[in-house]
file run.txt (compact mmCIF, C-alpha atoms)
# COMPACT_ATOMS: atom_id res chain seq x y z
CA MET A 22 -6.07 6.96 14.27
CA GLU A 23 -5.83 5.85 17.90
CA PRO A 24 -2.33 5.00 19.18
CA SER A 25 -1.43 1.39 18.73
CA THR A 26 -0.61 -0.79 21.73
CA ASN A 27 1.64 -3.03 19.68
CA SER A 28 4.97 -3.39 21.47
CA LYS A 29 6.38 -6.25 19.45
CA MET A 30 10.13 -5.89 18.97
CA PRO A 31 11.87 -7.05 15.78
CA ALA A 32 13.42 -10.18 17.29
CA LYS A 33 13.69 -11.67 13.81
CA GLY A 34 15.96 -8.80 12.73
CA VAL A 35 18.19 -9.24 15.78
CA ILE A 36 18.57 -12.96 15.05
CA TYR A 37 19.43 -12.24 11.42
CA ALA A 38 22.08 -9.69 12.46
CA LEU A 39 23.68 -11.94 15.09
CA LEU A 40 23.82 -14.94 12.75
CA ALA A 41 25.37 -12.73 10.07
CA ALA A 42 27.98 -11.60 12.60
CA VAL A 43 28.85 -15.16 13.58
CA LEU A 44 29.24 -16.34 9.99
CA PHE A 45 31.38 -13.37 9.00
CA GLY A 46 33.37 -13.56 12.23
CA ILE A 47 34.59 -17.09 11.53
CA THR A 48 35.73 -16.03 8.05
CA THR A 49 38.74 -13.95 9.17
CA PRO A 50 40.81 -16.66 10.90
CA PHE A 51 40.08 -19.12 8.07
CA ALA A 52 41.14 -16.50 5.52
CA LYS A 53 44.38 -15.98 7.43
CA SER A 54 44.95 -19.74 7.53
CA LEU A 55 44.46 -20.02 3.76
CA LEU A 56 46.84 -17.11 3.14
CA VAL A 57 49.56 -18.73 5.26
CA GLU A 58 49.17 -22.32 4.11
CA THR A 59 48.83 -21.70 0.38
CA GLN A 60 50.76 -18.42 -0.09
CA ILE A 61 47.83 -17.43 -2.28
CA GLN A 62 47.68 -13.87 -3.61
CA PRO A 63 45.30 -11.87 -1.32
CA LEU A 64 43.24 -10.43 -4.17
CA PHE A 65 42.83 -13.87 -5.66
CA LEU A 66 41.55 -15.22 -2.34
CA ALA A 67 39.09 -12.32 -2.04
CA GLY A 68 37.85 -13.18 -5.51
CA LEU A 69 37.40 -16.84 -4.59
CA PHE A 70 35.42 -15.87 -1.50
CA TYR A 71 33.00 -13.76 -3.53
CA LEU A 72 32.76 -16.28 -6.34
CA GLY A 73 31.94 -18.95 -3.75
CA SER A 74 29.21 -16.66 -2.47
CA SER A 75 27.80 -16.07 -5.94
CA ILE A 76 27.98 -19.71 -7.05
CA GLY A 77 26.29 -21.03 -3.92
CA LEU A 78 23.49 -18.47 -4.03
CA ALA A 79 23.01 -18.92 -7.79
CA VAL A 80 22.44 -22.64 -7.17
CA TYR A 81 19.87 -21.70 -4.54
CA LEU A 82 18.09 -19.30 -6.90
CA LEU A 83 18.06 -21.96 -9.64
CA ALA A 84 16.68 -24.55 -7.24
CA THR A 85 13.85 -22.26 -6.13
CA LYS A 86 13.00 -21.56 -9.76
CA LEU A 87 12.98 -25.25 -10.67
CA PHE A 88 10.66 -25.96 -7.77
CA ARG A 89 8.40 -23.05 -8.81
CA GLN A 90 9.25 -20.95 -5.80
CA ALA A 91 11.08 -18.21 -7.68
CA ASN A 92 12.27 -15.35 -5.42
CA ASN A 93 10.61 -17.09 -2.46
CA GLY A 94 8.06 -14.28 -2.40
CA GLU A 95 10.75 -11.60 -2.60
CA ALA A 96 10.62 -8.51 -4.81
CA SER A 97 13.10 -8.38 -7.68
CA LEU A 98 15.57 -5.55 -8.12
CA GLN A 99 14.27 -2.52 -10.01
CA LYS A 100 16.09 -0.08 -12.33
CA ALA A 101 16.07 2.54 -9.58
CA ASP A 102 18.05 0.12 -7.38
CA LEU A 103 20.96 -0.35 -9.78
CA GLY A 104 22.82 2.85 -8.87
CA TRP A 105 22.74 2.06 -5.15
CA LEU A 106 23.70 -1.56 -5.80
CA GLY A 107 26.56 -0.52 -8.09
CA GLY A 108 27.99 1.73 -5.38
CA ALA A 109 27.66 -1.05 -2.83
CA ILE A 110 29.52 -3.46 -5.14
CA LEU A 111 32.32 -0.95 -5.71
CA PHE A 112 32.96 -0.12 -2.06
CA GLY A 113 32.00 -3.37 -0.35
CA GLY A 114 32.65 -5.97 -3.01
CA ILE A 115 35.82 -4.70 -4.66
CA ILE A 116 37.70 -2.11 -2.59
CA ALA A 117 37.03 -3.44 0.92
CA PRO A 118 37.88 -7.13 0.44
CA ALA A 119 41.06 -6.25 -1.43
CA LEU A 120 42.20 -4.01 1.44
CA LEU A 121 41.26 -6.70 3.97
CA MET A 122 43.21 -9.44 2.22
CA PHE A 123 46.33 -7.26 1.92
CA GLY A 124 45.95 -6.29 5.56
CA LEU A 125 45.56 -9.91 6.65
CA SER A 126 48.70 -10.87 4.77
CA ILE A 127 50.83 -8.71 7.11
CA SER A 128 48.79 -8.90 10.32
CA ARG A 129 47.98 -11.45 12.99
CA ALA A 130 44.54 -13.06 12.64
CA SER A 131 43.42 -12.11 16.15
CA SER A 132 44.37 -8.43 15.87
CA ALA A 133 42.88 -8.26 12.37
CA SER A 134 39.61 -9.73 13.66
CA LEU A 135 39.47 -7.19 16.46
CA PHE A 136 40.10 -4.18 14.26
CA LEU A 137 37.12 -5.15 12.15
CA ASN A 138 35.11 -3.51 14.98
CA LEU A 139 35.64 -0.30 13.06
CA GLU A 140 33.10 -1.39 10.46
CA GLY A 141 30.28 -1.04 12.98
CA VAL A 142 31.54 2.39 14.04
CA PHE A 143 31.87 3.70 10.51
CA THR A 144 28.51 2.18 9.55
CA ALA A 145 26.73 3.91 12.42
CA LEU A 146 28.45 7.26 11.86
CA ILE A 147 27.50 7.30 8.18
CA ALA A 148 23.92 6.24 9.00
CA TRP A 149 23.56 8.95 11.65
CA LEU A 150 25.45 11.80 9.97
CA VAL A 151 24.78 11.23 6.27
CA PHE A 152 21.45 9.39 6.13
CA HIS A 153 20.04 10.93 9.36
CA GLU A 154 18.97 7.65 10.92
CA ASN A 155 17.70 8.00 14.48
CA CYS A 156 20.18 7.42 17.31
CA ASP A 157 19.14 7.52 20.95
CA LYS A 158 21.36 7.45 24.05
CA ARG A 159 20.93 3.73 24.67
CA ILE A 160 22.02 2.79 21.16
CA PHE A 161 24.98 5.16 21.35
CA LEU A 162 26.13 3.76 24.72
CA GLY A 163 25.72 0.22 23.43
CA MET A 164 27.94 1.01 20.46
CA VAL A 165 30.51 2.64 22.78
CA ALA A 166 30.57 -0.48 24.96
CA VAL A 167 31.09 -2.82 22.00
CA VAL A 168 33.81 -0.64 20.51
CA SER A 169 35.49 -0.26 23.91
CA GLY A 170 35.67 -4.03 24.12
CA GLY A 171 37.45 -4.08 20.78
CA ILE A 172 39.85 -1.36 21.96
CA VAL A 173 40.75 -3.35 25.08
CA LEU A 174 41.52 -6.41 22.98
CA SER A 175 43.31 -4.58 20.19
CA GLY A 176 45.28 -2.57 22.74
CA ALA A 177 46.65 -5.80 24.16
CA GLU A 178 47.60 -6.93 20.68
CA LEU A 179 49.36 -3.67 19.83
CA ASP A 180 51.43 -3.87 23.00
CA SER A 181 52.86 -7.20 21.93
CA SER A 182 56.35 -7.58 20.51
CA ALA A 183 54.94 -8.18 17.03
CA ALA A 184 52.88 -4.98 17.07
CA SER A 185 55.38 -2.92 15.09
CA SER A 186 54.80 -5.08 12.04
CA ASN A 187 51.02 -4.73 12.33
CA TYR A 188 50.45 -0.99 11.86
CA SER A 189 50.32 -0.89 8.06
CA GLY A 190 48.17 -4.01 7.96
CA LEU A 191 45.74 -2.56 10.50
CA LEU A 192 45.45 0.65 8.50
CA LEU A 193 44.51 -1.40 5.45
CA ILE A 194 41.92 -3.26 7.53
CA ALA A 195 40.52 0.08 8.75
CA GLY A 196 40.16 1.13 5.12
CA ALA A 197 38.30 -2.09 4.41
CA CYS A 198 35.96 -1.32 7.30
CA LEU A 199 35.21 2.12 5.85
CA GLY A 200 34.46 0.54 2.47
CA TRP A 201 32.06 -1.95 4.02
CA ALA A 202 30.41 0.83 6.05
CA VAL A 203 29.63 2.71 2.83
CA ASP A 204 28.42 -0.58 1.32
CA ASN A 205 26.11 -1.23 4.31
CA ASN A 206 24.44 2.15 4.02
CA LEU A 207 24.01 1.87 0.25
CA THR A 208 22.67 -1.69 0.54
CA ARG A 209 19.99 -0.47 2.92
CA LYS A 210 18.57 1.49 -0.02
CA VAL A 211 17.83 -1.78 -1.85
CA SER A 212 17.11 -4.00 1.16
CA ASN A 213 13.44 -4.45 0.21
CA ALA A 214 14.53 -6.45 -2.84
CA ASN A 215 15.43 -10.15 -2.85
CA PRO A 216 18.52 -10.42 -0.57
CA VAL A 217 19.74 -13.58 -2.31
CA GLN A 218 19.58 -11.83 -5.69
CA ILE A 219 21.43 -8.79 -4.28
CA THR A 220 24.18 -10.89 -2.73
CA CYS A 221 24.55 -13.15 -5.76
CA ILE A 222 25.06 -10.16 -8.08
CA LYS A 223 27.50 -8.50 -5.67
CA GLY A 224 29.47 -11.72 -5.34
CA LEU A 225 29.68 -12.26 -9.10
CA PHE A 226 30.99 -8.79 -9.94
CA ALA A 227 33.27 -8.59 -6.91
CA GLY A 228 34.68 -12.05 -7.53
CA LEU A 229 35.41 -11.49 -11.20
CA VAL A 230 37.00 -8.08 -10.59
CA ASN A 231 39.22 -9.25 -7.72
CA VAL A 232 40.40 -12.35 -9.60
CA SER A 233 41.09 -10.26 -12.72
CA LEU A 234 43.07 -7.68 -10.72
CA ALA A 235 45.05 -10.45 -9.03
CA ILE A 236 46.06 -11.90 -12.39
CA LYS A 237 46.83 -8.48 -13.91
CA PHE A 238 48.93 -6.99 -11.11
CA THR A 239 50.78 -10.04 -9.83
CA THR A 240 54.40 -9.72 -10.97
CA ALA A 241 55.23 -13.39 -10.63
CA ALA A 242 53.19 -16.19 -12.09
CA LEU A 243 50.01 -16.62 -10.08
CA THR A 244 50.29 -19.77 -8.00
CA ALA A 245 46.88 -21.37 -7.85
CA PRO A 246 46.22 -23.49 -4.75
CA GLY A 247 45.19 -27.12 -5.03
CA PRO A 248 41.56 -28.11 -5.60
CA ILE A 249 41.03 -28.84 -1.91
CA TYR A 250 42.07 -25.31 -0.93
CA ILE A 251 40.02 -23.78 -3.74
CA GLY A 252 37.00 -25.74 -2.56
CA ALA A 253 37.64 -24.60 1.01
CA ALA A 254 37.87 -20.97 -0.11
CA LEU A 255 34.63 -21.23 -2.09
CA LEU A 256 32.85 -22.79 0.90
CA VAL A 257 34.15 -20.18 3.34
CA GLY A 258 33.08 -17.47 0.90
CA PHE A 259 29.61 -18.96 0.49
CA LEU A 260 29.02 -19.01 4.25
CA GLY A 261 31.00 -15.96 5.40
CA TYR A 262 30.33 -13.63 2.47
CA GLY A 263 27.17 -15.11 0.93
CA VAL A 264 24.82 -16.43 3.60
CA SER A 265 26.14 -13.81 6.03
CA LEU A 266 25.30 -10.93 3.68
CA VAL A 267 21.84 -12.34 2.92
CA LEU A 268 21.14 -12.36 6.67
CA PHE A 269 22.61 -8.87 6.99
CA VAL A 270 20.28 -7.50 4.30
CA LEU A 271 17.30 -9.11 6.02
CA ALA A 272 18.39 -7.50 9.30
CA LEU A 273 18.60 -4.09 7.58
CA ARG A 274 14.90 -4.32 6.80
CA HIS A 275 13.97 -4.74 10.45
CA LEU A 276 16.61 -2.76 12.34
CA GLY A 277 18.01 -0.08 10.07
CA THR A 278 21.70 0.38 9.26
CA ALA A 279 23.20 1.65 12.51
CA ARG A 280 21.58 -0.97 14.73
CA THR A 281 22.36 -3.81 12.34
CA GLY A 282 25.94 -2.54 12.19
CA ALA A 283 26.12 -2.55 15.98
CA TYR A 284 25.13 -6.19 16.22
CA PHE A 285 27.46 -7.01 13.34
CA ALA A 286 30.29 -5.35 15.30
CA LEU A 287 30.34 -8.52 17.40
CA ALA A 288 31.76 -10.41 14.40
CA PRO A 289 35.40 -9.55 15.24
CA PHE A 290 34.89 -10.96 18.74
CA VAL A 291 33.73 -14.23 17.19
CA GLY A 292 36.76 -14.16 14.91
CA ALA A 293 39.06 -13.59 17.88
CA LEU A 294 37.55 -16.54 19.71
CA ILE A 295 38.09 -18.82 16.73
CA ALA A 296 41.66 -17.56 16.32
CA ILE A 297 42.38 -18.23 20.00
CA VAL A 298 41.01 -21.75 19.70
CA LEU A 299 42.96 -22.52 16.52
CA VAL A 300 46.36 -21.40 17.85
CA ASN A 301 45.75 -22.20 21.55
CA GLU A 302 46.28 -18.62 22.71
CA PRO A 303 45.51 -18.07 26.44
CA ILE A 304 42.40 -16.28 27.65
CA THR A 305 43.84 -13.10 29.15
CA PRO A 306 42.36 -10.60 31.64
CA SER A 307 41.97 -8.09 28.79
CA PHE A 308 39.94 -10.68 26.88
CA MET A 309 37.62 -11.12 29.88
CA VAL A 310 37.17 -7.34 30.29
CA ALA A 311 36.43 -7.00 26.58
CA SER A 312 33.91 -9.83 26.80
CA ALA A 313 32.07 -8.04 29.61
CA LEU A 314 32.01 -4.75 27.67
CA MET A 315 30.68 -6.42 24.55
CA ALA A 316 28.04 -8.26 26.58
CA LEU A 317 26.97 -4.93 28.09
CA GLY A 318 26.71 -3.38 24.63
CA LEU A 319 24.65 -6.30 23.38
CA TRP A 320 22.30 -6.05 26.36
CA LEU A 321 21.80 -2.29 25.84
CA HIS A 322 20.74 -2.92 22.25
CA LEU A 323 18.59 -5.96 22.97
CA SER A 324 16.70 -4.12 25.71
CA GLU A 325 15.99 -1.01 23.63
CA SER A 326 12.37 0.14 23.39
CA HIS A 327 11.85 3.02 20.98
CA SER A 328 8.24 4.19 20.97
CA HIS A 329 6.60 7.52 20.12
CA TYR A 330 3.79 9.05 18.10
CA HIS A 331 4.83 9.20 14.45
CA VAL A 332 3.39 9.80 11.00
CA HIS A 333 3.73 7.59 7.92
CA GLU A 334 3.60 9.48 4.65
CA ALA A 335 1.85 8.01 1.62
CA THR A 336 4.16 5.78 -0.40
CA THR A 337 4.11 3.08 -3.06
CA HIS A 338 6.69 0.27 -3.21
CA ALA A 339 7.12 -3.49 -3.51
CA HIS A 340 8.56 -5.91 -0.97
CA LYS A 341 7.79 -9.14 0.84
CA HIS A 342 5.13 -8.59 3.51
CA SER A 343 2.12 -10.05 5.26
CA HIS A 344 -0.92 -8.11 6.33
CA ASP A 345 -0.61 -6.12 9.56
CA GLU A 346 -1.39 -2.60 10.73
CA HIS A 347 1.02 -1.23 8.12
CA HIS A 348 -0.27 -3.51 5.34
CA ASN A 349 -4.05 -3.56 5.40
CA HIS A 350 -4.65 -3.09 1.68
CA ALA A 351 -7.09 -5.14 -0.35
CA HIS A 352 -6.29 -7.56 -3.18
CA LEU A 353 -8.20 -8.08 -6.38
CA HIS A 354 -7.95 -11.84 -5.93
CA THR A 355 -7.99 -12.33 -2.17
CA SER A 356 -8.56 -16.06 -2.52
CA ASP A 357 -5.09 -16.42 -4.04
CA ILE A 358 -3.36 -15.23 -0.84
CA PRO A 359 -4.14 -17.16 2.37
CA PRO A 360 -4.35 -14.99 5.52
CA GLY A 361 -0.94 -14.42 7.13
CA LYS A 362 1.01 -15.71 4.13
CA PRO A 363 3.99 -13.53 3.10
CA HIS A 364 3.72 -12.31 -0.46
CA THR A 365 5.11 -9.63 -2.78
CA HIS A 366 3.49 -7.07 -5.03
CA VAL A 367 3.44 -3.32 -5.65
CA HIS A 368 1.23 -1.75 -3.00
CA SER A 369 0.42 1.70 -1.66
CA HIS A 370 0.38 2.99 1.90
CA GLU A 371 -2.11 5.65 2.89
CA PRO A 372 -1.01 8.31 5.40
CA LEU A 373 -1.07 6.86 8.90
CA ALA A 374 -0.37 8.28 12.36
CA HIS A 375 -0.01 6.12 15.46
CA SER A 376 2.32 5.15 18.30
CA HIS A 377 4.09 1.85 18.94
CA ALA A 378 7.54 0.36 19.54
CA HIS A 379 9.53 0.37 16.32
CA PHE A 380 12.95 0.43 14.70
CA PRO A 381 14.08 2.35 11.58
CA ASP A 382 12.87 -0.38 9.22
CA ALA A 383 11.47 0.13 5.72
CA HIS A 384 8.33 1.76 7.13
CA HIS A 385 9.87 3.78 9.98
CA ARG A 386 12.51 6.05 8.48
CA HIS A 387 10.86 9.23 9.65
CA LYS A 388 12.62 12.23 11.12
CA HIS A 389 12.98 12.75 14.87
CA PHE A 390 12.91 16.09 16.61

call {"tool": "encode", "arguments": {"input": "run.txt", "output": "structure tokens"}}
result
Amino acid sequence: MEPSTNSKMPAKGVIYALLAAVLFGITTPFAKSLLVETQIQPLFLAGLFYLGSSIGLAVYLLATKLFRQANNGEASLQKADLGWLGGAILFGGIIAPALLMFGLSISRASSASLFLNLEGVFTALIAWLVFHENCDKRIFLGMVAVVSGGIVLSGAELDSSAASSNYSGLLLIAGACLGWAVDNNLTRKVSNANPVQITCIKGLFAGLVNVSLAIKFTTAALTAPGPIYIGAALLVGFLGYGVSLVLFVLALRHLGTARTGAYFALAPFVGALIAIVLVNEPITPSFMVASALMALGLWLHLSESHSHYHVHEATTHAHKHSHDEHHNHAHLHTSDIPPGKPHTHVHSHEPLAHSHAHFPDAHHRHKHF
């Protein structure tokens, strides 16, 4: 086949990733506020966040079913997906949030937000080293710039008088980041399925397990917060853990794990901004330097153009798609699917060789030499 001249970049994936980062970034300072104001057990709060995610998304799924728009054209999870999803739930829905909540309970909100930069680093390293996702120099330098911004900010935090009480909390937060990095890479394996369904299931299991552990291992009687605080926790969880993860899964489809993780690494910066606003902390020179570094990293990623001659092997799978140069198959009942309308069904791809700008999405996970 002749090389394609298509140079369209996955702007939709970038938008998904940035929105996911913003929603998750605002979660950290609100979680810290709830921990301080209610003295709630950290595991219990993590459970409420995930239950809020699951409840909100379950309502959405029910609403789409009632209005005869089940799955919104998305493919349902398959049996082959359950192992990957189970691993993602274990690392990202149970271990990581528990470590984060314990870390937040003994750390400052701003420093905790900044150390969450490690999630992007761990995500990229696992994607590159374990799953062999492509990494070029521009992506690597962009990641270095973003992480350097986090180091500048976190370095200022660790030099403060309260730093000595932060080390154990920051180690716990680093462990949470590693758990989420494993989760991100495992979730990519099921990212073609309905992201709302994936997130709803993860939230349900993670919420129930964290709440159960909180009740089981709390020595004193568990003090439940008032209904207003419970409602606030459920809402924060729905937005910061539910909607954010749905957007993250959608971004994985378009950008791959490492690049999505890089954009998501901006979440701690958003959290730091919110924390500064809430407690009226001054904007310091280190904050300005970090802002410039993170802006540089974002620009390096946004301006990436990865194009080369590549080969698509024959494959059969199911996911939401519309017809393009990668989806030019025929339908038995073509009149049922208007041109350009996204739809889902099991379809096969014939071998294809061409050249165009692309990211490591569901159809471009080939090897590079």

call {"tool": "atom_distance", "arguments": {"input": "run.txt", "atom1": "atom CA of A:Leu271", "atom2": "atom CA of A:Val232"}}
result
28.1 Å

call {"tool": "atom_distance", "arguments": {"input": "run.txt", "atom1": "atom CA of A:Ala214", "atom2": "atom CA of A:Leu268"}}
result
13.0 Å

call {"tool": "residues_near_point", "arguments": {"input": "run.txt", "point": "(27.2, 5.5, 5.6)", "cutoff": "12 Å", "atoms": "all atoms listed in the file", "output": "PyMOL selection string"}}
result
chain A and resi 108-109+112-113+140-154+198-210+277-279+282

call {"tool": "residues_around", "arguments": {"input": "run.txt", "residues": "A:Pro216", "least_positions_apart": "6", "cutoff": "9 Å", "atoms": "all atoms listed in the file", "output": "PyMOL selection string"}}
result
chain A and resi 95+266-271

call {"tool": "residues_near_point", "arguments": {"input": "run.txt", "point": "(46.2, -7.0, 2.6)", "cutoff": "12 Å", "atoms": "all atoms listed in the file", "output": "PyMOL selection string"}}
result
chain A and resi 52-53+56+61-67+116-130+133+187-197

call {"tool": "closest_residue", "arguments": {"input": "run.txt", "among": "A:Ile172, A:Ala84, A:Leu323, A:Ile222", "to": "A:Phe308", "atoms": "only C-alpha atoms"}}
result
A:Ile172

call {"tool": "atom_distance", "arguments": {"input": "run.txt", "atom1": "atom CA of A:Leu256", "atom2": "atom CA of A:Gly77"}}
result
8.3 Å

call {"tool": "residues_around", "arguments": {"input": "run.txt", "residues": "A:Leu98", "least_positions_apart": "3", "cutoff": "8 Å", "atoms": "only C-alpha atoms", "output": "list of chain:residue names"}}
result
A:Asp102, A:Leu103, A:Val211, A:Ala214, A:Asn215, A:Gln218, A:Ile219

call {"tool": "residues_around", "arguments": {"input": "run.txt", "residues": "A:Tyr81", "least_positions_apart": "5", "cutoff": "9 Å", "atoms": "all atoms listed in the file", "output": "list in words"}}
result
Ile76, Lys86 and Val217 of chain A

call {"tool": "residues_around", "arguments": {"input": "run.txt", "residues": "A:Thr59", "least_positions_apart": "4", "cutoff": "12 Å", "atoms": "only C-alpha atoms", "output": "ChimeraX atom specification"}}
result
/A:51-55,63,65-66,126,243-251,253-254

call {"tool": "residues_around", "arguments": {"input": "run.txt", "residues": "A:Gly170", "least_positions_apart": "4", "cutoff": "8 Å", "atoms": "all atoms listed in the file", "output": "JSON, numbers by chain"}}
result
{"A": [166, 174, 310, 311, 312, 313, 314, 315]}

call {"tool": "closest_residue", "arguments": {"input": "run.txt", "among": "A:Met309, A:Leu82, A:Val291, A:Val173", "to": "A:Ala42", "atoms": "only C-alpha atoms"}}
result
A:Val291

call {"tool": "closest_residue", "arguments": {"input": "run.txt", "among": "A:Val57, A:Cys221, A:Gly73, A:Gly46", "to": "A:Gly252", "atoms": "only C-alpha atoms"}}
result
A:Gly73

call {"tool": "closest_residue", "arguments": {"input": "run.txt", "among": "A:Leu111, A:Ala288, A:Met164, A:Ala32", "to": "A:Lys223", "atoms": "all atoms listed in the file"}}
result
A:Leu111

call {"tool": "decode", "arguments": {"input": "run.txt", "residues": "stretch 76-109 of chain A", "atoms": "C-alpha atoms", "output": "tab-separated table (two decimals), in the first residue's frame"}}
result
chain	number	residue	atom	x	y	z
A	76	ILE	CA	-22.11	4.56	42.61
A	77	GLY	CA	-21.94	7.55	40.29
A	78	LEU	CA	-20.86	5.50	37.29
A	79	ALA	CA	-23.41	2.76	38.03
A	80	VAL	CA	-26.14	5.42	37.89
A	81	TYR	CA	-24.75	6.53	34.54
A	82	LEU	CA	-24.72	2.96	33.19
A	83	LEU	CA	-28.30	2.43	34.40
A	84	ALA	CA	-29.42	5.66	32.79
A	85	THR	CA	-27.89	4.73	29.43
A	86	LYS	CA	-29.59	1.34	29.61
A	87	LEU	CA	-32.97	2.86	30.45
A	88	PHE	CA	-32.64	5.22	27.50
A	89	ARG	CA	-31.64	2.30	25.23
A	90	GLN	CA	-28.08	3.51	24.81
A	91	ALA	CA	-26.42	0.65	26.66
A	92	ASN	CA	-22.60	0.86	26.66
A	93	ASN	CA	-22.84	3.98	24.47
A	94	GLY	CA	-21.39	1.95	21.62
A	95	GLU	CA	-18.59	0.57	23.79
A	96	ALA	CA	-17.43	-3.05	23.85
A	97	SER	CA	-18.15	-5.01	27.02
A	98	LEU	CA	-15.43	-6.70	29.03
A	99	GLN	CA	-14.50	-10.21	27.91
A	100	LYS	CA	-13.31	-13.23	29.93
A	101	ALA	CA	-9.77	-12.67	28.68
A	102	ASP	CA	-9.85	-9.20	30.26
A	103	LEU	CA	-10.64	-10.35	33.79
A	104	GLY	CA	-7.09	-11.30	34.77
A	105	TRP	CA	-5.69	-7.93	33.70
A	106	LEU	CA	-8.58	-6.10	35.37
A	107	GLY	CA	-8.14	-8.10	38.58
A	108	GLY	CA	-4.48	-7.14	38.76
A	109	ALA	CA	-5.35	-3.50	38.12
